[in-house]
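One file, model07.cif, is given below (mmCIF, C-alpha atoms).
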```
data_target
#
loop_
_atom_site.label_atom_id
_atom_site.label_comp_id
_atom_site.auth_asym_id
_atom_site.auth_seq_id
_atom_site.Cartn_x
_atom_site.Cartn_y
_atom_site.Cartn_z
CA GLY A 1024 63.83 -8.57 -3.86
CA ALA A 1025 63.00 -8.03 -0.25
CA GLY A 1026 60.17 -5.68 -1.08
CA GLY A 1027 58.54 -8.23 -3.35
CA ALA A 1028 58.78 -10.95 -0.71
CA ALA A 1029 57.27 -8.63 1.89
CA GLY A 1030 54.44 -7.78 -0.46
CA ALA A 1031 53.71 -11.44 -1.14
CA SER A 1032 53.73 -12.20 2.58
CA GLY A 1033 51.33 -9.36 3.21
CA ALA A 1034 49.00 -10.63 0.50
CA ASP A 1035 49.06 -14.12 2.01
CA GLU A 1036 48.20 -12.72 5.42
CA ALA A 1037 45.35 -10.71 3.96
CA ARG A 1038 43.92 -13.77 2.21
CA SER A 1039 44.28 -15.83 5.40
CA SER A 1040 42.56 -13.12 7.43
CA ALA A 1041 39.73 -12.87 4.90
CA ALA A 1042 39.27 -16.69 4.92
CA HIS A 1043 39.23 -16.68 8.72
CA GLY A 1044 36.61 -13.93 8.69
CA ARG A 1045 34.43 -15.88 6.28
CA ALA A 1046 34.74 -18.99 8.47
CA LEU A 1047 33.64 -17.08 11.55
CA ALA A 1048 30.73 -15.55 9.63
CA LYS A 1049 29.65 -19.02 8.53
CA ALA A 1050 29.99 -20.28 12.10
CA LEU A 1051 27.70 -17.47 13.26
CA SER A 1052 25.13 -18.41 10.62
CA VAL A 1053 25.27 -22.09 11.60
CA ALA A 1054 25.07 -21.29 15.33
CA THR A 1055 21.98 -19.16 14.73
CA ALA A 1056 20.31 -21.90 12.68
CA VAL A 1057 21.12 -24.60 15.24
CA SER A 1058 19.81 -22.44 18.10
CA SER A 1059 16.43 -22.20 16.40
CA ALA A 1060 16.42 -25.93 15.58
CA LEU A 1061 17.20 -27.18 19.08
CA PRO A 1062 14.31 -29.08 20.71
CA ARG A 1063 12.84 -27.73 23.91
CA PRO A 1064 14.09 -29.39 27.10
CA LEU A 1065 11.76 -31.96 28.64
CA ASP A 1066 9.80 -31.08 31.75
CA VAL A 1067 11.99 -33.21 33.98
CA ALA A 1068 10.29 -32.01 37.17
CA ALA A 1069 6.90 -33.17 35.90
CA ILE A 1070 8.31 -36.54 34.79
CA ARG A 1071 9.89 -37.01 38.22
CA ARG A 1072 6.58 -36.23 39.94
CA ARG A 1073 4.57 -38.60 37.75
CA PHE A 1074 7.02 -41.47 37.64
CA ARG A 1075 8.99 -41.77 40.83
CA PRO A 1076 11.62 -44.51 40.35
CA SER A 1077 11.18 -47.50 42.59
CA ALA A 1078 12.43 -51.05 42.90
CA ASP A 1079 9.03 -52.25 41.67
CA ALA A 1080 9.12 -50.06 38.55
CA PRO A 1081 12.64 -50.09 37.06
CA MET A 1082 11.41 -48.77 33.71
CA ARG A 1083 10.51 -45.50 35.41
CA GLY A 1084 14.08 -45.13 36.57
CA VAL A 1085 15.30 -45.53 32.99
CA LEU A 1086 12.84 -42.89 31.78
CA VAL A 1087 13.82 -40.37 34.47
CA HIS A 1088 17.55 -40.87 33.90
CA GLU A 1089 17.21 -40.49 30.13
CA ALA A 1090 14.98 -37.42 30.47
CA VAL A 1091 17.51 -35.73 32.77
CA ALA A 1092 20.42 -36.58 30.45
CA ALA A 1093 18.66 -35.38 27.28
CA SER A 1094 17.40 -32.16 28.85
CA SER A 1095 20.83 -31.40 30.33
CA LEU A 1096 22.38 -31.79 26.88
CA VAL A 1097 19.81 -29.46 25.27
CA GLU A 1098 20.42 -26.82 27.95
CA ALA A 1099 24.20 -27.17 27.69
CA MET A 1100 24.11 -26.78 23.91
CA ALA A 1101 21.78 -23.78 24.12
CA ALA A 1102 24.06 -22.06 26.65
CA HIS A 1103 27.13 -22.81 24.55
CA LEU A 1104 25.49 -21.42 21.42
CA ARG A 1105 24.54 -18.22 23.27
CA ARG A 1106 28.15 -17.71 24.39
CA LEU A 1107 29.46 -18.49 20.92
CA THR A 1108 26.99 -16.19 19.21
CA ALA A 1109 27.81 -13.30 21.56
CA ALA A 1110 31.53 -13.76 20.91
CA LEU A 1111 31.14 -14.02 17.14
CA GLN A 1112 29.02 -10.86 17.12
CA GLY A 1113 31.78 -9.02 18.98
CA ASP A 1114 29.82 -8.55 22.17
CA THR A 1115 32.26 -10.63 24.22
CA PRO A 1116 35.84 -11.87 23.72
CA LEU A 1117 36.41 -14.98 21.59
CA PRO A 1118 38.74 -17.25 23.60
CA PRO A 1119 40.69 -20.00 21.77
CA VAL A 1120 38.31 -22.72 22.99
CA LEU A 1121 35.27 -20.99 21.54
CA GLU A 1122 37.18 -20.14 18.37
CA ALA A 1123 37.97 -23.83 17.91
CA ASP A 1124 34.26 -24.65 18.33
CA ALA A 1125 33.40 -21.94 15.80
CA THR A 1126 35.85 -23.44 13.31
CA ALA A 1127 34.28 -26.87 13.84
CA LEU A 1128 30.79 -25.52 13.20
CA ALA A 1129 31.95 -23.71 10.05
CA ARG A 1130 33.19 -27.08 8.78
CA GLY A 1131 29.93 -28.78 9.72
CA GLU A 1132 31.58 -30.74 12.54
CA VAL A 1133 30.48 -31.34 16.14
CA PRO A 1134 32.05 -28.80 18.56
CA GLN A 1135 34.05 -30.29 21.41
CA ALA A 1136 31.77 -28.59 23.95
CA TRP A 1137 28.75 -30.53 22.63
CA ARG A 1138 30.64 -33.80 22.64
CA ALA A 1139 31.77 -33.27 26.24
CA ALA A 1140 28.20 -32.51 27.33
CA ALA A 1141 26.76 -35.51 25.48
CA GLY A 1142 29.08 -38.16 26.92
CA ARG A 1143 28.40 -41.49 25.24
CA ALA A 1144 25.27 -40.37 23.39
CA GLY A 1145 26.15 -39.56 19.79
CA SER A 1146 29.84 -40.25 20.39
CA SER A 1147 30.33 -41.63 16.88
CA VAL A 1148 28.54 -38.74 15.16
CA THR A 1149 30.88 -36.26 13.50
CA SER A 1150 28.39 -34.08 11.60
CA ALA A 1151 26.79 -31.23 13.53
CA ALA A 1152 23.57 -31.61 11.52
CA ALA A 1153 23.36 -35.33 12.33
CA PHE A 1154 24.10 -34.61 15.99
CA VAL A 1155 21.16 -32.20 16.20
CA ARG A 1156 18.85 -34.61 14.33
CA LEU A 1157 19.72 -37.41 16.73
CA LEU A 1158 19.09 -35.15 19.74
CA SER A 1159 15.70 -34.11 18.34
CA GLU A 1160 14.75 -37.77 17.81
CA ARG A 1161 15.93 -38.56 21.34
CA VAL A 1162 13.84 -35.81 22.96
CA ALA A 1163 10.76 -36.70 20.88
CA ALA A 1164 11.00 -40.37 21.87
CA LEU A 1165 11.38 -39.56 25.56
CA ALA A 1166 8.53 -37.03 25.42
CA ALA A 1167 6.25 -39.72 23.97
CA TRP A 1168 7.36 -42.11 26.71
CA GLY A 1169 6.73 -39.49 29.41
CA GLU A 1170 3.17 -38.96 28.19
CA ARG A 1171 2.17 -42.57 28.83
CA GLU A 1172 -0.06 -42.96 31.86
CA ASP A 1173 1.83 -45.75 33.62
CA GLY A 1174 5.36 -44.85 32.59
CA THR A 1175 5.82 -48.06 30.61
CA PRO A 1176 7.86 -47.58 27.44
CA PRO A 1177 6.22 -47.11 24.03
CA ALA A 1178 5.57 -50.16 21.88
CA SER A 1179 8.97 -49.73 20.23
CA ILE A 1180 11.97 -47.81 21.56
CA PRO A 1181 14.69 -46.31 19.33
CA LEU A 1182 17.55 -47.90 21.27
CA ALA A 1183 20.19 -45.78 19.55
CA VAL A 1184 18.92 -42.53 21.09
CA LEU A 1185 19.33 -43.68 24.69
CA SER A 1186 22.40 -42.60 26.63
CA ARG A 1187 22.48 -45.93 28.49
CA PRO A 1188 20.72 -48.59 26.38
CA GLU A 1189 22.03 -51.36 28.66
CA ALA A 1190 19.95 -49.91 31.52
CA LEU A 1191 16.78 -50.53 29.49
CA LEU A 1192 17.76 -54.15 28.84
CA THR A 1193 18.44 -54.69 32.54
CA ALA A 1194 15.08 -53.14 33.45
CA VAL A 1195 13.26 -55.50 31.04
CA MET A 1196 14.83 -58.47 32.83
CA GLN A 1197 14.05 -57.04 36.27
CA VAL A 1198 10.37 -56.65 35.40
CA ALA A 1199 10.20 -60.22 34.11
CA ALA A 1200 12.06 -61.60 37.12
CA ARG A 1201 9.65 -59.98 39.59
CA ARG A 1202 6.60 -61.18 37.68
CA SER A 1203 7.93 -64.74 37.64
CA GLY A 1204 9.29 -64.73 41.18
CA VAL A 1205 12.84 -65.65 40.14
CA PRO A 1206 16.17 -63.86 40.62
CA VAL A 1207 17.14 -61.50 37.83
CA ASP A 1208 20.25 -63.61 37.30
CA ALA A 1209 17.93 -66.43 36.20
CA VAL A 1210 16.48 -64.34 33.37
CA GLN A 1211 18.08 -63.70 30.01
CA LEU A 1212 16.90 -61.99 26.85
CA ARG A 1213 16.11 -63.57 23.53
CA ALA A 1214 15.90 -61.57 20.33
CA ARG A 1215 13.36 -62.12 17.58
CA VAL A 1216 13.91 -60.18 14.34
CA MET A 1217 10.68 -58.66 13.08
CA SER A 1218 9.70 -57.82 9.50
CA VAL A 1219 9.64 -54.04 10.04
CA VAL A 1220 12.81 -51.93 9.90
CA ASN A 1221 11.53 -48.83 11.67
CA PRO A 1222 7.95 -48.42 12.90
CA GLY A 1223 6.02 -45.63 11.27
CA PRO A 1224 2.64 -44.81 9.70
CA GLY A 1225 1.05 -48.11 8.74
CA LEU A 1226 3.95 -50.06 10.21
CA GLU A 1227 3.27 -49.74 13.91
CA PRO A 1228 4.15 -52.78 16.04
CA PRO A 1229 1.47 -54.38 18.23
CA PRO A 1230 0.62 -51.91 21.02
CA ASN A 1231 1.54 -54.30 23.82
CA PRO A 1232 4.31 -56.86 23.27
CA PRO A 1233 3.37 -60.15 24.95
CA GLY A 1234 6.55 -59.78 26.99
CA GLY A 1235 9.74 -57.75 26.84
CA VAL A 1236 10.05 -54.77 24.53
CA TYR A 1237 10.38 -53.88 20.87
CA VAL A 1238 13.48 -51.87 19.89
CA HIS A 1239 14.55 -50.30 16.62
CA GLY A 1240 17.16 -47.91 15.27
CA LEU A 1241 20.08 -50.36 15.12
CA ARG A 1242 22.53 -51.04 12.29
CA LEU A 1243 24.51 -54.08 11.17
CA VAL A 1244 28.21 -53.58 10.47
CA GLY A 1245 30.35 -56.15 8.67
CA ALA A 1246 27.33 -58.03 7.33
CA GLY A 1247 24.18 -57.55 5.31
CA TRP A 1248 20.59 -58.48 6.02
CA ASP A 1249 18.59 -60.78 3.77
CA VAL A 1250 15.11 -59.28 4.09
CA GLU A 1251 13.39 -62.09 2.15
CA ASN A 1252 14.82 -64.90 4.29
CA GLY A 1253 15.21 -62.90 7.50
CA GLN A 1254 18.85 -63.73 8.16
CA LEU A 1255 22.41 -62.47 8.10
CA CYS A 1256 24.14 -62.46 4.73
CA ASP A 1257 27.45 -61.19 3.38
CA ALA A 1258 27.58 -57.44 2.91
CA LYS A 1259 27.50 -56.11 -0.63
CA ARG A 1260 30.69 -54.65 -2.03
CA GLY A 1261 31.29 -51.17 -0.63
CA GLN A 1262 28.49 -51.52 1.92
CA THR A 1263 29.69 -50.60 5.41
CA SER A 1264 26.41 -50.93 7.32
CA VAL A 1265 22.72 -51.66 6.85
CA PRO A 1266 19.68 -51.02 9.04
CA LEU A 1267 18.63 -53.95 11.21
CA PRO A 1268 14.89 -54.63 11.38
CA MET A 1269 13.00 -54.05 14.59
CA LEU A 1270 13.78 -56.55 17.34
CA TRP A 1271 11.53 -58.10 19.92
CA LEU A 1272 13.66 -58.55 23.04
CA ARG A 1273 11.80 -60.83 25.40
CA PRO A 1274 12.83 -62.38 28.72
CA VAL A 1275 13.55 -66.08 29.03
CA GLN A 1276 13.93 -67.98 32.30
CA THR A 1277 17.05 -70.09 31.96
CA VAL A 1278 17.07 -71.94 35.32
CA SER A 1279 14.13 -73.23 37.29
CA GLN A 1280 15.37 -75.35 40.18
CA PRO A 1281 16.26 -73.69 43.51
CA ALA A 1282 19.73 -75.29 43.47
CA ASP A 1283 20.32 -73.90 40.00
CA ARG A 1284 19.22 -70.43 41.11
CA ALA A 1285 21.64 -70.53 44.01
CA ALA A 1286 24.40 -71.51 41.62
CA VAL A 1287 23.53 -68.60 39.34
CA ARG A 1288 23.60 -66.13 42.24
CA ALA A 1289 26.96 -67.48 43.39
CA ALA A 1290 28.53 -67.32 39.94
CA PRO A 1291 30.62 -64.24 39.09
CA HIS A 1292 28.71 -61.76 36.96
CA SER A 1293 30.45 -60.28 33.96
CA PRO A 1294 29.24 -57.29 31.91
CA GLY A 1295 26.92 -58.42 29.16
CA SER A 1296 26.40 -61.89 30.63
CA HIS A 1297 22.70 -61.17 30.95
CA ALA A 1298 22.41 -61.20 27.16
CA SER A 1299 23.76 -64.62 26.40
CA PHE A 1300 20.92 -66.57 24.87
CA SER A 1301 20.68 -70.02 26.36
CA PRO A 1302 17.49 -71.95 25.60
CA GLY A 1303 14.96 -71.84 28.42
CA ARG A 1304 11.36 -71.37 29.40
CA SER A 1305 9.96 -68.08 28.19
CA VAL A 1306 8.44 -65.73 30.74
CA ALA A 1307 6.73 -63.76 28.00
CA GLY A 1308 3.66 -65.96 27.56
CA GLU A 1309 2.52 -68.88 25.39
CA ASP A 1310 2.99 -66.99 22.12
CA ALA A 1311 6.61 -66.37 23.03
CA GLU A 1312 7.13 -70.03 23.90
CA HIS A 1313 5.88 -70.93 20.44
CA GLU A 1314 8.41 -68.47 19.02
CA ASP A 1315 11.11 -70.18 21.11
CA GLU A 1316 10.34 -73.54 19.52
CA GLN A 1317 10.62 -72.00 16.06
CA GLU A 1318 13.91 -70.27 16.85
CA GLU A 1319 15.53 -73.39 18.20
CA GLU A 1320 15.27 -74.84 14.70
CA GLU A 1321 17.04 -71.84 13.12
CA ALA A 1322 20.76 -71.49 12.47
CA THR A 1323 21.97 -68.56 14.55
CA VAL A 1324 25.20 -66.79 15.41
CA SER A 1325 26.11 -64.64 18.41
CA VAL A 1326 26.70 -61.03 17.37
CA PRO A 1327 28.11 -58.37 19.75
CA VAL A 1328 26.22 -55.11 20.27
CA PHE A 1329 28.23 -51.90 20.70
CA SER A 1330 27.13 -48.43 21.74
CA SER A 1331 28.77 -46.89 18.64
CA THR A 1332 30.82 -47.69 15.57
CA SER A 1333 33.98 -47.10 17.59
CA ARG A 1334 33.28 -50.51 19.24
CA LEU A 1335 34.79 -49.27 22.49
CA GLU A 1336 31.77 -50.05 24.67
CA ARG A 1337 30.15 -53.44 24.33
CA ILE A 1338 26.57 -53.53 25.59
CA THR A 1339 25.50 -57.12 25.10
CA GLU A 1340 25.26 -59.94 22.55
CA LEU A 1341 22.36 -61.05 20.39
CA ARG A 1342 21.89 -64.28 18.48
CA LEU A 1343 20.69 -63.58 14.95
CA PRO A 1344 19.51 -66.00 12.25
CA CYS A 1345 22.19 -66.73 9.66
CA VAL A 1346 22.76 -68.85 6.60
CA PRO A 1347 22.67 -72.52 7.68
CA GLY A 1348 26.07 -74.18 7.71
CA ALA A 1349 28.08 -70.98 8.04
CA PRO A 1350 30.63 -71.35 10.89
CA ASP A 1351 30.74 -68.69 13.61
CA ASP A 1352 34.19 -67.52 12.52
CA HIS A 1353 32.70 -66.69 9.10
CA TRP A 1354 31.03 -63.68 10.71
CA LEU A 1355 33.77 -63.09 13.28
CA LEU A 1356 36.38 -62.64 10.56
CA ARG A 1357 34.11 -60.10 8.86
CA GLY A 1358 33.73 -58.10 12.05
CA ALA A 1359 29.96 -58.55 12.11
CA CYS A 1360 28.35 -56.58 14.92
CA ILE A 1361 25.34 -54.42 15.79
CA VAL A 1362 25.78 -50.75 16.63
CA CYS A 1363 23.33 -48.41 18.35
CA GLU A 1364 23.23 -45.92 15.52
CA SER A 1365 20.01 -44.85 13.87
CA ASP A 1366 19.63 -43.28 10.44
CA SER A 1367 19.29 -39.89 12.13
CA GLY A 1368 22.83 -40.20 13.46
CA LEU A 1369 24.39 -40.95 10.07
CA ASN A 1370 26.74 -38.21 8.96
#
```
Mind turning the file's structure into structure tokens?
Amino acid sequence: GAGGAAGASGADEARSSAAHGRALAKALSVATAVSSALPRPLDVAAIRRRFRPSADAPMRGVLVHEAVAASSLVEAMAAHLRRLTAALQGDTPLPPVLEADATALARGEVPQAWRAAAGRAGSSVTSAAAFVRLLSERVAALAAWGEREDGTPPASIPLAVLSRPEALLTAVMQVAARRSGVPVDAVQLRARVMSVVNPGPGLEPPPNPPGGVYVHGLRLVGAGWDVENGQLCDAKRGQTSVPLPMLWLRPVQTVSQPADRAAVRAAPHSPGSHASFSPGRSVAGEDAEHEDEQEEEEATVSVPVFSSTSRLERITELRLPCVPGAPDDHWLLRGACIVCESDSGLN
């Protein structure tokens, strides 16, 4: 009767309370482990002193901005974990917001507080472990960049770890425009797919690209990559994404006459327009011009680049080699795109 129902209800509450207690205990264990695994913040003050941003050195501005953003995220996560740990240990109250973050950690998910502090960086990552791995890779890459004497970027940059990858692409074009004495609107980027997926021991790219920058840490969605022929191919069944080999992004001057430059300056500028890939004279040296001649003979397709798999923020477009004869809508209908998501950010 009523007594039996009351007893069953009490047993259910006891089990629920015990499960909640186990979840909080697991959250405490995870929070402790993550606290010890967090990278140390970068010495932003030292980077600012060494590499003061200026109009003549736009790459320095990218480095400083990224160092500030990464260090701020590390510090925000460390502070959040201290508050969470204190609350889970009973030293301070556990408000609903922190309890929700604790529940997320117990499930291996990214707490809302981390996501809010990160902004765009890692927005598509749902696993807490992957989020921390990506942050560690990000800090390590920026630390290596900050140790270079002249503030120029390393031979290859993991584009997926940057909070604003489009700022790097703009800086590459600004550097090329100043060296060539043309407006930045007269410079575009051309992509060359290399044979290496991710640089590593024995697979390091040339130390100084003849122009532009090497980038890695990107993935293809909605298509596969034919390594042997170096071109887009249909994705295998059940395959959602594949790593894209390292890219050489090099600047190309697309207009040369003064009247054409004036027309470019007068034309409305739309986001991502700097990454359309019209044929033109390379400003990356003779080797790059030879590459241009080779690429003009290839079948290519324009593929959008997004900051994450959510495809909410489009960064630019790249033309990639593809199977000859395949119409553009072949890849469009398959949703082919590039996302800034490295293996470290995979859940």
(message) Nearest residue to Ser1331 in chain A out of A:Leu1096, A:Val1205, A:Ala1246, A:Cys1360, using all atoms listed in the file?
(response)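 Using all atoms listed in the file, the shortest distance to Ser1331 in chain A belongs to A:Cys1360.
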(request) Apply the PyMOL selection byres ((chain A and resi 1147) around 7) to the structure shown and report the selected residues as a count of residues only. (result) 7
(message) Need the shell around Arg1187 in chain A: protein/DNA/RNA residues with any atom at most 9 Å away, counting only C-alpha atoms. Skip same-chain ones fewer than 3 positions apart. Format as a VMD selection string?
(response) chain A and resid 1085 1088 to 1089 1143 to 1144 1182 1184 1190 to 1191 1330
Using all atoms listed in the file, which residues sit within 12 Å of Met1196 in chain A once same-chain residues fewer than 5 positions away are excluded, as a PDB file with C-alpha atoms, keeping the file's coordinate frame?
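File produced: around.pdb:
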```
ATOM      1  CA  ALA A1080       9.120 -50.060  38.550  1.00  0.00           C
ATOM      2  CA  PRO A1081      12.640 -50.090  37.060  1.00  0.00           C
ATOM      3  CA  MET A1082      11.410 -48.770  33.710  1.00  0.00           C
ATOM      4  CA  GLU A1189      22.030 -51.360  28.660  1.00  0.00           C
ATOM      5  CA  ALA A1190      19.950 -49.910  31.520  1.00  0.00           C
ATOM      6  CA  LEU A1191      16.780 -50.530  29.490  1.00  0.00           C
ATOM      7  CA  ARG A1201       9.650 -59.980  39.590  1.00  0.00           C
ATOM      8  CA  ARG A1202       6.600 -61.180  37.680  1.00  0.00           C
ATOM      9  CA  SER A1203       7.930 -64.740  37.640  1.00  0.00           C
ATOM     10  CA  GLY A1204       9.290 -64.730  41.180  1.00  0.00           C
ATOM     11  CA  VAL A1205      12.840 -65.650  40.140  1.00  0.00           C
ATOM     12  CA  PRO A1206      16.170 -63.860  40.620  1.00  0.00           C
ATOM     13  CA  VAL A1207      17.140 -61.500  37.830  1.00  0.00           C
ATOM     14  CA  ASP A1208      20.250 -63.610  37.300  1.00  0.00           C
ATOM     15  CA  ALA A1209      17.930 -66.430  36.200  1.00  0.00           C
ATOM     16  CA  VAL A1210      16.480 -64.340  33.370  1.00  0.00           C
ATOM     17  CA  GLN A1211      18.080 -63.700  30.010  1.00  0.00           C
ATOM     18  CA  LEU A1212      16.900 -61.990  26.850  1.00  0.00           C
ATOM     19  CA  ARG A1213      16.110 -63.570  23.530  1.00  0.00           C
ATOM     20  CA  GLY A1234       6.550 -59.780  26.990  1.00  0.00           C
ATOM     21  CA  GLY A1235       9.740 -57.750  26.840  1.00  0.00           C
ATOM     22  CA  VAL A1236      10.050 -54.770  24.530  1.00  0.00           C
ATOM     23  CA  LEU A1272      13.660 -58.550  23.040  1.00  0.00           C
ATOM     24  CA  ARG A1273      11.800 -60.830  25.400  1.00  0.00           C
ATOM     25  CA  PRO A1274      12.830 -62.380  28.720  1.00  0.00           C
ATOM     26  CA  VAL A1275      13.550 -66.080  29.030  1.00  0.00           C
ATOM     27  CA  GLN A1276      13.930 -67.980  32.300  1.00  0.00           C
ATOM     28  CA  THR A1277      17.050 -70.090  31.960  1.00  0.00           C
ATOM     29  CA  HIS A1297      22.700 -61.170  30.950  1.00  0.00           C
ATOM     30  CA  ALA A1298      22.410 -61.200  27.160  1.00  0.00           C
ATOM     31  CA  SER A1305       9.960 -68.080  28.190  1.00  0.00           C
ATOM     32  CA  VAL A1306       8.440 -65.730  30.740  1.00  0.00           C
ATOM     33  CA  ALA A1307       6.730 -63.760  28.000  1.00  0.00           C
TER      34      ALA A1307
END
```
(message) Applying 8 Å and all atoms listed in the file, which residues near Pro1327 in chain A remain after dropping the ones on its own chain fewer than 4 positions away? List them as a VMD selection string.
(response) chain A and resid 1337 to 1341 1359 to 1361
(message) Just the number, please: distance in Å from CA of Pro1181 in chain A to CA of Leu1267 in chain A, one decimal.
(response)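 CA of Leu1267 in chain A lies at a distance of 11.8 Å from CA of Pro1181 in chain A.
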(request) Taking (30.0, -31.5, 14.7) in the file's own coordinates, collect the residues within 10 Å, counting all atoms listed in the file, and hand them back as a VMD selection string. (result) chain A and resid 1124 1127 to 1138 1148 to 1155 1370
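In this structure, CA of Lys1259 in chain A sits 16.8 Å away from CA of Leu1355 in chain A.
Among A:Cys1363, A:Val1091, A:Leu1086, A:Met1217, the residue with the shortest atom-to-atom distance to Leu1165 in chain A, counting only C-alpha atoms, is A:Leu1086.
Relative to CA of Glu1336 in chain A, CA of Glu1364 in chain A is found at 13.2 Å.
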(request) Can you pull out every residue within 8 Å of Ala1322 in chain A, counting all atoms listed in the file, but drop anything in the same chain fewer than 4 positions away, and send it as a PyMOL selection string? (result) chain A and resi 1344-1348
(request) For the file shown, report as a PyMOL selection string the outcome of the PyMOL selection byres ((chain A and resi 1255) around 12) at residue level. (result) chain A and resi 1216+1243-1254+1256-1259+1265-1268+1321-1326+1342-1347+1349+1351+1353-1354+1357+1359-1361
(request) Name the residues that the PyMOL selection byres ((chain A and resi 1098) around 12) picks from the file above, as an MDAnalysis selection string, using the file's chain letters and numbers. (result) chainID A and resid 1058 1061:1065 1091:1097 1099:1105 1137 1140:1141 1158
(request) Compare A:Arg1106, A:Pro1118, A:Phe1329, A:Gly1174 by their minimum atom-to-atom distance to Ser1077 in chain A, counting only C-alpha atoms, and give me the closest one. (result)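 Of A:Arg1106, A:Pro1118, A:Phe1329, A:Gly1174, the one nearest Ser1077 in chain A, counting only C-alpha atoms, is A:Gly1174.
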(request) Kindly indicate which residue among A:Thr1193, A:Thr1108, A:Ser1159, A:Thr1175 lies nearest to Arg1083 in chain A, using all atoms listed in the file for the distances. (result)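 Smallest distance to Arg1083 in chain A is found for A:Thr1175.
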I'd like the contact shell of range 1269-1271 of chain A - 6 Å cut-off, all atoms listed in the file, skipping same-chain residues fewer than 2 positions apart - returned as a PDB file with C-alpha atoms, in the coordinates of the input.
```pdb
ATOM      1  CA  ALA A1214      15.900 -61.570  20.330  1.00  0.00           C
ATOM      2  CA  ARG A1215      13.360 -62.120  17.580  1.00  0.00           C
ATOM      3  CA  VAL A1216      13.910 -60.180  14.340  1.00  0.00           C
ATOM      4  CA  MET A1217      10.680 -58.660  13.080  1.00  0.00           C
ATOM      5  CA  VAL A1219       9.640 -54.040  10.040  1.00  0.00           C
ATOM      6  CA  VAL A1220      12.810 -51.930   9.900  1.00  0.00           C
ATOM      7  CA  VAL A1236      10.050 -54.770  24.530  1.00  0.00           C
ATOM      8  CA  TYR A1237      10.380 -53.880  20.870  1.00  0.00           C
ATOM      9  CA  VAL A1238      13.480 -51.870  19.890  1.00  0.00           C
ATOM     10  CA  HIS A1239      14.550 -50.300  16.620  1.00  0.00           C
TER      11      HIS A1239
END
```
